[in-house]
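File shown here: entry27.cif, holding mmCIF, N, CA and C atoms; chains and numbers go by the auth columns.
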data_my_file
#
loop_
_atom_site.group_PDB
_atom_site.id
_atom_site.type_symbol
_atom_site.label_atom_id
_atom_site.label_comp_id
_atom_site.label_asym_id
_atom_site.label_seq_id
_atom_site.Cartn_x
_atom_site.Cartn_y
_atom_site.Cartn_z
_atom_site.B_iso_or_equiv
_atom_site.auth_seq_id
_atom_site.auth_asym_id
ATOM 1 N N MET A 1 -68.300 -9.401 -54.684 0.00 1 A
ATOM 2 C CA MET A 1 -69.286 -9.023 -53.697 0.00 1 A
ATOM 3 C C MET A 1 -68.876 -9.559 -52.325 0.00 1 A
ATOM 4 N N ILE A 2 -68.387 -10.784 -52.296 0.00 2 A
ATOM 5 C CA ILE A 2 -67.952 -11.377 -51.032 0.00 2 A
ATOM 6 C C ILE A 2 -66.731 -10.626 -50.492 0.00 2 A
ATOM 7 N N ILE A 3 -65.845 -10.211 -51.391 0.00 3 A
ATOM 8 C CA ILE A 3 -64.670 -9.456 -50.969 0.00 3 A
ATOM 9 C C ILE A 3 -65.090 -8.118 -50.362 0.00 3 A
ATOM 10 N N ALA A 4 -66.103 -7.480 -50.937 0.00 4 A
ATOM 11 C CA ALA A 4 -66.595 -6.205 -50.389 0.00 4 A
ATOM 12 C C ALA A 4 -67.153 -6.399 -48.989 0.00 4 A
ATOM 13 N N ILE A 5 -67.850 -7.506 -48.759 0.00 5 A
ATOM 14 C CA ILE A 5 -68.393 -7.789 -47.423 0.00 5 A
ATOM 15 C C ILE A 5 -67.256 -7.987 -46.418 0.00 5 A
ATOM 16 N N ILE A 6 -66.236 -8.741 -46.826 0.00 6 A
ATOM 17 C CA ILE A 6 -65.102 -9.003 -45.930 0.00 6 A
ATOM 18 C C ILE A 6 -64.368 -7.704 -45.605 0.00 6 A
ATOM 19 N N ILE A 7 -64.165 -6.870 -46.621 0.00 7 A
ATOM 20 C CA ILE A 7 -63.481 -5.586 -46.387 0.00 7 A
ATOM 21 C C ILE A 7 -64.303 -4.699 -45.467 0.00 7 A
ATOM 22 N N ALA A 8 -65.621 -4.656 -45.672 0.00 8 A
ATOM 23 C CA ALA A 8 -66.482 -3.827 -44.821 0.00 8 A
ATOM 24 C C ALA A 8 -66.457 -4.322 -43.376 0.00 8 A
ATOM 25 N N LEU A 9 -66.503 -5.621 -43.175 0.00 9 A
ATOM 26 C CA LEU A 9 -66.441 -6.164 -41.816 0.00 9 A
ATOM 27 C C LEU A 9 -65.084 -5.892 -41.175 0.00 9 A
ATOM 28 N N TYR A 10 -64.015 -5.988 -41.965 0.00 10 A
ATOM 29 C CA TYR A 10 -62.684 -5.716 -41.443 0.00 10 A
ATOM 30 C C TYR A 10 -62.556 -4.251 -41.032 0.00 10 A
ATOM 31 N N GLU A 11 -63.123 -3.351 -41.819 0.00 11 A
ATOM 32 C CA GLU A 11 -63.065 -1.927 -41.489 0.00 11 A
ATOM 33 C C GLU A 11 -63.864 -1.622 -40.222 0.00 11 A
ATOM 34 N N GLN A 12 -64.949 -2.344 -39.981 0.00 12 A
ATOM 35 C CA GLN A 12 -65.749 -2.122 -38.779 0.00 12 A
ATOM 36 C C GLN A 12 -64.974 -2.480 -37.517 0.00 12 A
ATOM 37 N N VAL A 13 -64.095 -3.478 -37.606 0.00 13 A
ATOM 38 C CA VAL A 13 -63.358 -3.957 -36.439 0.00 13 A
ATOM 39 C C VAL A 13 -62.201 -3.022 -36.089 0.00 13 A
ATOM 40 N N LYS A 14 -61.628 -2.381 -37.100 0.00 14 A
ATOM 41 C CA LYS A 14 -60.465 -1.525 -36.871 0.00 14 A
ATOM 42 C C LYS A 14 -60.820 -0.336 -35.986 0.00 14 A
ATOM 43 N N ALA A 15 -59.827 0.137 -35.255 0.00 15 A
ATOM 44 C CA ALA A 15 -60.027 1.280 -34.365 0.00 15 A
ATOM 45 C C ALA A 15 -60.199 2.571 -35.159 0.00 15 A
ATOM 46 N N ASP A 16 -59.397 2.747 -36.211 0.00 16 A
ATOM 47 C CA ASP A 16 -59.529 3.944 -37.043 0.00 16 A
ATOM 48 C C ASP A 16 -60.218 3.567 -38.351 0.00 16 A
ATOM 49 N N LYS A 17 -61.517 3.776 -38.380 0.00 17 A
ATOM 50 C CA LYS A 17 -62.334 3.374 -39.528 0.00 17 A
ATOM 51 C C LYS A 17 -62.172 4.377 -40.667 0.00 17 A
ATOM 52 N N ASN A 18 -62.043 3.867 -41.877 0.00 18 A
ATOM 53 C CA ASN A 18 -61.973 4.710 -43.059 0.00 18 A
ATOM 54 C C ASN A 18 -63.354 4.733 -43.710 0.00 18 A
ATOM 55 N N VAL A 19 -63.992 5.889 -43.690 0.00 19 A
ATOM 56 C CA VAL A 19 -65.362 6.016 -44.182 0.00 19 A
ATOM 57 C C VAL A 19 -65.426 5.747 -45.677 0.00 19 A
ATOM 58 N N TYR A 20 -64.428 6.194 -46.421 0.00 20 A
ATOM 59 C CA TYR A 20 -64.438 6.029 -47.875 0.00 20 A
ATOM 60 C C TYR A 20 -64.367 4.554 -48.268 0.00 20 A
ATOM 61 N N VAL A 21 -63.590 3.783 -47.555 0.00 21 A
ATOM 62 C CA VAL A 21 -63.511 2.346 -47.835 0.00 21 A
ATOM 63 C C VAL A 21 -64.866 1.694 -47.554 0.00 21 A
ATOM 64 N N MET A 22 -65.515 2.110 -46.474 0.00 22 A
ATOM 65 C CA MET A 22 -66.833 1.563 -46.146 0.00 22 A
ATOM 66 C C MET A 22 -67.862 1.913 -47.226 0.00 22 A
ATOM 67 N N VAL A 23 -67.827 3.146 -47.712 0.00 23 A
ATOM 68 C CA VAL A 23 -68.778 3.571 -48.739 0.00 23 A
ATOM 69 C C VAL A 23 -68.555 2.779 -50.024 0.00 23 A
ATOM 70 N N VAL A 24 -67.313 2.610 -50.415 0.00 24 A
ATOM 71 C CA VAL A 24 -67.014 1.855 -51.628 0.00 24 A
ATOM 72 C C VAL A 24 -67.449 0.404 -51.465 0.00 24 A
ATOM 73 N N ALA A 25 -67.227 -0.192 -50.303 0.00 25 A
ATOM 74 C CA ALA A 25 -67.633 -1.578 -50.063 0.00 25 A
ATOM 75 C C ALA A 25 -69.147 -1.718 -50.131 0.00 25 A
ATOM 76 N N VAL A 26 -69.879 -0.763 -49.574 0.00 26 A
ATOM 77 C CA VAL A 26 -71.348 -0.822 -49.611 0.00 26 A
ATOM 78 C C VAL A 26 -71.847 -0.642 -51.037 0.00 26 A
ATOM 79 N N VAL A 27 -71.233 0.257 -51.793 0.00 27 A
ATOM 80 C CA VAL A 27 -71.648 0.477 -53.187 0.00 27 A
ATOM 81 C C VAL A 27 -71.407 -0.783 -54.011 0.00 27 A
ATOM 82 N N ILE A 28 -70.262 -1.420 -53.830 0.00 28 A
ATOM 83 C CA ILE A 28 -69.973 -2.664 -54.556 0.00 28 A
ATOM 84 C C ILE A 28 -70.961 -3.750 -54.157 0.00 28 A
ATOM 85 N N PHE A 29 -71.291 -3.835 -52.870 0.00 29 A
ATOM 86 C CA PHE A 29 -72.243 -4.824 -52.413 0.00 29 A
ATOM 87 C C PHE A 29 -73.631 -4.581 -53.014 0.00 29 A
ATOM 88 N N MET A 30 -74.069 -3.333 -53.020 0.00 30 A
ATOM 89 C CA MET A 30 -75.385 -3.016 -53.582 0.00 30 A
ATOM 90 C C MET A 30 -75.426 -3.279 -55.084 0.00 30 A
ATOM 91 N N PHE A 31 -74.344 -2.949 -55.796 0.00 31 A
ATOM 92 C CA PHE A 31 -74.288 -3.227 -57.226 0.00 31 A
ATOM 93 C C PHE A 31 -74.353 -4.734 -57.485 0.00 31 A
ATOM 94 N N GLY A 32 -73.643 -5.515 -56.677 0.00 32 A
ATOM 95 C CA GLY A 32 -73.695 -6.972 -56.819 0.00 32 A
ATOM 96 C C GLY A 32 -75.069 -7.530 -56.529 0.00 32 A
ATOM 97 N N MET A 33 -75.741 -6.983 -55.519 0.00 33 A
ATOM 98 C CA MET A 33 -77.103 -7.441 -55.212 0.00 33 A
ATOM 99 C C MET A 33 -78.066 -7.079 -56.338 0.00 33 A
ATOM 100 N N MET A 34 -77.876 -5.914 -56.946 0.00 34 A
ATOM 101 C CA MET A 34 -78.715 -5.505 -58.070 0.00 34 A
ATOM 102 C C MET A 34 -78.529 -6.454 -59.254 0.00 34 A
ATOM 103 N N GLN A 35 -77.292 -6.815 -59.539 0.00 35 A
ATOM 104 C CA GLN A 35 -77.013 -7.742 -60.626 0.00 35 A
ATOM 105 C C GLN A 35 -77.593 -9.126 -60.330 0.00 35 A
ATOM 106 N N LEU A 36 -77.492 -9.554 -59.072 0.00 36 A
ATOM 107 C CA LEU A 36 -78.013 -10.858 -58.686 0.00 36 A
ATOM 108 C C LEU A 36 -79.537 -10.894 -58.764 0.00 36 A
ATOM 109 N N SER A 37 -80.194 -9.834 -58.333 0.00 37 A
ATOM 110 C CA SER A 37 -81.658 -9.812 -58.371 0.00 37 A
ATOM 111 C C SER A 37 -82.183 -9.696 -59.793 0.00 37 A
ATOM 112 N N ALA A 38 -81.390 -9.139 -60.698 0.00 38 A
ATOM 113 C CA ALA A 38 -81.806 -9.058 -62.095 0.00 38 A
ATOM 114 C C ALA A 38 -81.817 -10.444 -62.741 0.00 38 A
ATOM 115 N N LYS A 39 -80.964 -11.335 -62.263 0.00 39 A
ATOM 116 C CA LYS A 39 -80.906 -12.691 -62.808 0.00 39 A
ATOM 117 C C LYS A 39 -81.974 -13.602 -62.224 0.00 39 A
ATOM 118 N N THR A 40 -82.507 -13.245 -61.064 0.00 40 A
ATOM 119 C CA THR A 40 -83.496 -14.074 -60.390 0.00 40 A
ATOM 120 C C THR A 40 -84.870 -13.821 -60.994 0.00 40 A
ATOM 121 N N PRO A 41 -85.548 -14.859 -61.467 0.00 41 A
ATOM 122 C CA PRO A 41 -86.868 -14.642 -62.064 0.00 41 A
ATOM 123 C C PRO A 41 -87.909 -14.288 -61.003 0.00 41 A
ATOM 124 N N SER A 42 -88.901 -13.532 -61.409 0.00 42 A
ATOM 125 C CA SER A 42 -89.975 -13.147 -60.509 0.00 42 A
ATOM 126 C C SER A 42 -90.856 -14.353 -60.229 0.00 42 A
ATOM 127 N N LYS A 43 -91.426 -14.423 -59.024 0.00 43 A
ATOM 128 C CA LYS A 43 -92.305 -15.548 -58.712 0.00 43 A
ATOM 129 C C LYS A 43 -93.656 -15.387 -59.394 0.00 43 A
ATOM 130 N N ASN A 44 -93.960 -14.187 -59.891 0.00 44 A
ATOM 131 C CA ASN A 44 -95.208 -13.952 -60.608 0.00 44 A
ATOM 132 C C ASN A 44 -95.016 -13.965 -62.115 0.00 44 A
ATOM 133 N N GLN A 45 -93.872 -14.423 -62.577 0.00 45 A
ATOM 134 C CA GLN A 45 -93.573 -14.402 -63.999 0.00 45 A
ATOM 135 C C GLN A 45 -94.528 -15.301 -64.787 0.00 45 A
ATOM 136 N N ASP A 46 -94.892 -16.457 -64.238 0.00 46 A
ATOM 137 C CA ASP A 46 -95.813 -17.351 -64.935 0.00 46 A
ATOM 138 C C ASP A 46 -97.178 -16.694 -65.101 0.00 46 A
ATOM 139 N N LYS A 47 -97.661 -16.004 -64.088 0.00 47 A
ATOM 140 C CA LYS A 47 -98.954 -15.333 -64.179 0.00 47 A
ATOM 141 C C LYS A 47 -98.904 -14.200 -65.173 0.00 47 A
ATOM 142 N N ASP A 48 -97.793 -13.479 -65.230 0.00 48 A
ATOM 143 C CA ASP A 48 -97.670 -12.381 -66.192 0.00 48 A
ATOM 144 C C ASP A 48 -97.646 -12.909 -67.622 0.00 48 A
ATOM 145 N N ASP A 49 -97.017 -14.053 -67.851 0.00 49 A
ATOM 146 C CA ASP A 49 -96.950 -14.622 -69.206 0.00 49 A
ATOM 147 C C ASP A 49 -98.330 -15.068 -69.677 0.00 49 A
ATOM 148 N N GLU A 50 -99.184 -15.540 -68.765 0.00 50 A
ATOM 149 C CA GLU A 50 -100.522 -15.997 -69.127 0.00 50 A
ATOM 150 C C GLU A 50 -101.428 -14.828 -69.508 0.00 50 A
ATOM 151 N N ASN A 51 -101.211 -13.664 -68.913 0.00 51 A
ATOM 152 C CA ASN A 51 -102.065 -12.500 -69.154 0.00 51 A
ATOM 153 C C ASN A 51 -101.739 -11.795 -70.464 0.00 51 A
ATOM 154 N N VAL A 52 -100.627 -12.123 -71.076 0.00 52 A
ATOM 155 C CA VAL A 52 -100.220 -11.413 -72.289 0.00 52 A
ATOM 156 C C VAL A 52 -100.989 -11.870 -73.483 0.00 52 A
#
Mind converting the file's structure to structure tokens?
Amino acid sequence: MIIAIIIALYEQVKADKNVYVMVVAVVIFMFGMMQLSAKTPSKNQDKDDENV
């Protein structure tokens, strides 16, 4: 995920930007964020467990 961010920032600085590289970097970043948020517990998880 960090590599995708670095590649995306590097592509932004270049004079001739490659759109496909940017799209792939954003997709990898979003997939990594999705995986990271799936591991993070909800702050309402304790309340949901009590209601069951």
Problem set entry | Test item: residues at most 12 Å from Glu11 in chain A, only C-alpha atoms, excluding those fewer than 3 positions along its chain, as a list in words |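 Near Glu11 in chain A, the qualifying residues are Ala4, Ile5, Ile6, Ile7, Ala8, Lys14, Ala15, Asp16, Lys17, Asn18, Val19, Tyr20, Val21, Met22, Val23, Val24, Ala25 and Val26 of chain A.
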Please return, as a short mmCIF file (atom, residue, chain, number, x, y, z; two decimals) with N, CA and C atoms, keeping the file's coordinate frame, all residues of chain A that DSSP assigns to alpha helix (DSSP H) on the basis of the backbone.
data_model
loop_
_atom_site.label_atom_id
_atom_site.label_comp_id
_atom_site.auth_asym_id
_atom_site.auth_seq_id
_atom_site.Cartn_x
_atom_site.Cartn_y
_atom_site.Cartn_z
N ILE A 2 -68.39 -10.78 -52.30
CA ILE A 2 -67.95 -11.38 -51.03
C ILE A 2 -66.73 -10.63 -50.49
N ILE A 3 -65.84 -10.21 -51.39
CA ILE A 3 -64.67 -9.46 -50.97
C ILE A 3 -65.09 -8.12 -50.36
N ALA A 4 -66.10 -7.48 -50.94
CA ALA A 4 -66.60 -6.20 -50.39
C ALA A 4 -67.15 -6.40 -48.99
N ILE A 5 -67.85 -7.51 -48.76
CA ILE A 5 -68.39 -7.79 -47.42
C ILE A 5 -67.26 -7.99 -46.42
N ILE A 6 -66.24 -8.74 -46.83
CA ILE A 6 -65.10 -9.00 -45.93
C ILE A 6 -64.37 -7.70 -45.60
N ILE A 7 -64.17 -6.87 -46.62
CA ILE A 7 -63.48 -5.59 -46.39
C ILE A 7 -64.30 -4.70 -45.47
N ALA A 8 -65.62 -4.66 -45.67
CA ALA A 8 -66.48 -3.83 -44.82
C ALA A 8 -66.46 -4.32 -43.38
N LEU A 9 -66.50 -5.62 -43.18
CA LEU A 9 -66.44 -6.16 -41.82
C LEU A 9 -65.08 -5.89 -41.18
N TYR A 10 -64.02 -5.99 -41.96
CA TYR A 10 -62.68 -5.72 -41.44
C TYR A 10 -62.56 -4.25 -41.03
N GLU A 11 -63.12 -3.35 -41.82
CA GLU A 11 -63.06 -1.93 -41.49
C GLU A 11 -63.86 -1.62 -40.22
N GLN A 12 -64.95 -2.34 -39.98
CA GLN A 12 -65.75 -2.12 -38.78
C GLN A 12 -64.97 -2.48 -37.52
N VAL A 13 -64.10 -3.48 -37.61
CA VAL A 13 -63.36 -3.96 -36.44
C VAL A 13 -62.20 -3.02 -36.09
N VAL A 19 -63.99 5.89 -43.69
CA VAL A 19 -65.36 6.02 -44.18
C VAL A 19 -65.43 5.75 -45.68
N TYR A 20 -64.43 6.19 -46.42
CA TYR A 20 -64.44 6.03 -47.88
C TYR A 20 -64.37 4.55 -48.27
N VAL A 21 -63.59 3.78 -47.56
CA VAL A 21 -63.51 2.35 -47.84
C VAL A 21 -64.87 1.69 -47.55
N MET A 22 -65.52 2.11 -46.47
CA MET A 22 -66.83 1.56 -46.15
C MET A 22 -67.86 1.91 -47.23
N VAL A 23 -67.83 3.15 -47.71
CA VAL A 23 -68.78 3.57 -48.74
C VAL A 23 -68.56 2.78 -50.02
N VAL A 24 -67.31 2.61 -50.42
CA VAL A 24 -67.01 1.86 -51.63
C VAL A 24 -67.45 0.40 -51.46
N ALA A 25 -67.23 -0.19 -50.30
CA ALA A 25 -67.63 -1.58 -50.06
C ALA A 25 -69.15 -1.72 -50.13
N VAL A 26 -69.88 -0.76 -49.57
CA VAL A 26 -71.35 -0.82 -49.61
C VAL A 26 -71.85 -0.64 -51.04
N VAL A 27 -71.23 0.26 -51.79
CA VAL A 27 -71.65 0.48 -53.19
C VAL A 27 -71.41 -0.78 -54.01
N ILE A 28 -70.26 -1.42 -53.83
CA ILE A 28 -69.97 -2.66 -54.56
C ILE A 28 -70.96 -3.75 -54.16
N PHE A 29 -71.29 -3.84 -52.87
CA PHE A 29 -72.24 -4.82 -52.41
C PHE A 29 -73.63 -4.58 -53.01
N MET A 30 -74.07 -3.33 -53.02
CA MET A 30 -75.39 -3.02 -53.58
C MET A 30 -75.43 -3.28 -55.08
N PHE A 31 -74.34 -2.95 -55.80
CA PHE A 31 -74.29 -3.23 -57.23
C PHE A 31 -74.35 -4.73 -57.48
N GLY A 32 -73.64 -5.52 -56.68
CA GLY A 32 -73.69 -6.97 -56.82
C GLY A 32 -75.07 -7.53 -56.53
N MET A 33 -75.74 -6.98 -55.52
CA MET A 33 -77.10 -7.44 -55.21
C MET A 33 -78.07 -7.08 -56.34
N MET A 34 -77.88 -5.91 -56.95
CA MET A 34 -78.72 -5.50 -58.07
C MET A 34 -78.53 -6.45 -59.25
N GLN A 35 -77.29 -6.82 -59.54
CA GLN A 35 -77.01 -7.74 -60.63
C GLN A 35 -77.59 -9.13 -60.33
N LEU A 36 -77.49 -9.55 -59.07
CA LEU A 36 -78.01 -10.86 -58.69
C LEU A 36 -79.54 -10.89 -58.76
N SER A 37 -80.19 -9.83 -58.33
CA SER A 37 -81.66 -9.81 -58.37
C SER A 37 -82.18 -9.70 -59.79
N ALA A 38 -81.39 -9.14 -60.70
CA ALA A 38 -81.81 -9.06 -62.10
C ALA A 38 -81.82 -10.44 -62.74
N LYS A 39 -80.96 -11.34 -62.26
CA LYS A 39 -80.91 -12.69 -62.81
C LYS A 39 -81.97 -13.60 -62.22
N GLN A 45 -93.87 -14.42 -62.58
CA GLN A 45 -93.57 -14.40 -64.00
C GLN A 45 -94.53 -15.30 -64.79
N ASP A 46 -94.89 -16.46 -64.24
CA ASP A 46 -95.81 -17.35 -64.94
C ASP A 46 -97.18 -16.69 -65.10
N LYS A 47 -97.66 -16.00 -64.09
CA LYS A 47 -98.95 -15.33 -64.18
C LYS A 47 -98.90 -14.20 -65.17
N ASP A 48 -97.79 -13.48 -65.23
CA ASP A 48 -97.67 -12.38 -66.19
C ASP A 48 -97.65 -12.91 -67.62
N ASP A 49 -97.02 -14.05 -67.85
CA ASP A 49 -96.95 -14.62 -69.21
C ASP A 49 -98.33 -15.07 -69.68
N GLU A 50 -99.18 -15.54 -68.76
CA GLU A 50 -100.52 -16.00 -69.13
C GLU A 50 -101.43 -14.83 -69.51
N ASN A 51 -101.21 -13.66 -68.91
CA ASN A 51 -102.06 -12.50 -69.15
C ASN A 51 -101.74 -11.80 -70.46
#
Let me have the centre and edge lengths in Å, one decimal, of the box along x, y and z around every listed atom of range 18-24 of chain A with 5 Å of margin on each side, as AutoDock Vina command-line options.
--center_x -65.4 --center_y 3.3 --center_z -46.8 --size_x 16.8 --size_y 15.8 --size_z 19.8
For this session: Would you mind reading off the distance between CA of Gly32 in chain A and CA of Tyr10 in chain A, one decimal, in Å?
Result: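 Distance reported for this atom pair: 19.0 Å.
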For this session: Give me, please, the distance in Å between atom N of Met30 in chain A and atom C of Gln12 in chain A, quoted to one decimal.
Result: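 Separation between atom N of Met30 in chain A and atom C of Gln12 in chain A: 18.0 Å.
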Exercise. What separation in Å, quoted to one decimal, exists between atom C of Ile3 in chain A and atom N of Ser42 in chain A?
Worked result: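 Calculated distance between atom C of Ile3 in chain A and atom N of Ser42 in chain A is 26.8 Å.
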